[in-house]
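K.L.:
Just passing along the structure, written as structure tokens.
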Amino acid sequence: MSAYAKPDIKKLSPALGAEILGKDIKQLLATVPLSLLREQFNDYLKAHQVLFFRNQDLAPDDLVKFAELYGPVGEYPFAKGLSQNPKVIPIIKEPHQTSNFGGIWHTDSTYLAKPSMGSVLYAVEVPETGGDTMWANAYMAYDYLSDGLKSALENLRVVCSANKNKAKLRADHLKDGSMKGENTAEMDIKQATHPIIRTHPLTGRKALYLSKAHVTHFEGWTEAESAPLLDHLYAHQIKEEFTCRFQWTAGTLAIWDNRCTVHYPLNDYHGHRREMWRVTVDGDVPV
Ligand code: SIN
């Protein structure tokens, strides 16, 4: 199918997420001008916030080329990449492991001054059942706040740290021996503050920009003072009606927009192996 043809789109839920059908990503990357692909694929992402392309057969270099449609590819600070392409990070849960990588609702790398704009994830091996991932629409989370809470949050900033939940988030799931930076001073400086209400640079829409995995407190507030309001917002941002859930099959490619979503990989497949390859796209300073 040509990149010009209107694709068939299967929405995942009323809130967000879409499977784009009938696209052979490897072939499109090889035959269609990248400027055209860039425009079209960015339009899909703006409309649906997380996209899925099943039945792909991609090498690490293809993933990087696909991610570059969305922006410069970044480095994940805590892991070494694949030997075939170090920009691609393997994320693996082995049958004997009981925690999973990233297993708390989050949006990626908010401990950086410029958190990643998006992530590309490719399913290499998945359990027959289980191991789904959920996303929630952060525009809806903002839209459905009361006017009073919207205005109370308008000028608040949150402090985000890579140290919060680090054991649960990363330990053991990056290929054996591939961790870097843990237990060193490097970890301590991975902290940033961001506005809790973020305006998306492309759509102009406001989103509740809140990563439970990383946020420690409101800037200028204590952790104890921050906790009740943060807990309320964590529960609010993942209301069922804001979410979608995706069941992976090997060979599925996904991309999501971290600026207007949060995500959560389910950890319901102990005893089975799951291997994903991830590439992150650089982002800008949230405003
Ligand atoms: C992630 O949080 O980046 C991983 C998502 C997944 O494994 O489904």
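Numbering starts fresh at 1 for the residues of each chain in the structure tokens, the chains themselves are lettered A, B, ... in the order given, and ligands are numbered from 1 as they appear.
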Could I get the residue neighbourhood of ligand 1 at 6 Å, counting only C-alpha atoms and all ligand atoms, as a VMD selection string?

P.N.:
chain A and resid 102 133 265

K.L.:
Pick out the residues sitting within 9 Å of Arg278 of chain A, and hand them over as a list in words; count only C-alpha atoms, and ignore anything fewer than 5 positions along from it in its own chain.

P.N.:
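Listed by chain and then number, they are Leu63, Lys87, Val88, Ile89, Pro90, Ile91, Ser119, Val120, Leu121 and Tyr122 of chain A.
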
K.L.:
Would you mind telling me which residue in A:Lys114, A:Glu19, A:Glu240, A:Gly103 lies nearest to Gly131 of chain A when using only C-alpha atoms?

P.N.:
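Of A:Lys114, A:Glu19, A:Glu240, A:Gly103, the one nearest Gly131 of chain A is A:Gly103, counting only C-alpha atoms.
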
K.L.:
Please run DSSP on the backbone and report, as an MDAnalysis selection string, all residues within segment 115-271 of chain A that come out as alpha helix (DSSP H).

P.N.:
chainID A and resid 138:143 147:153 166:170 185:188 223:237
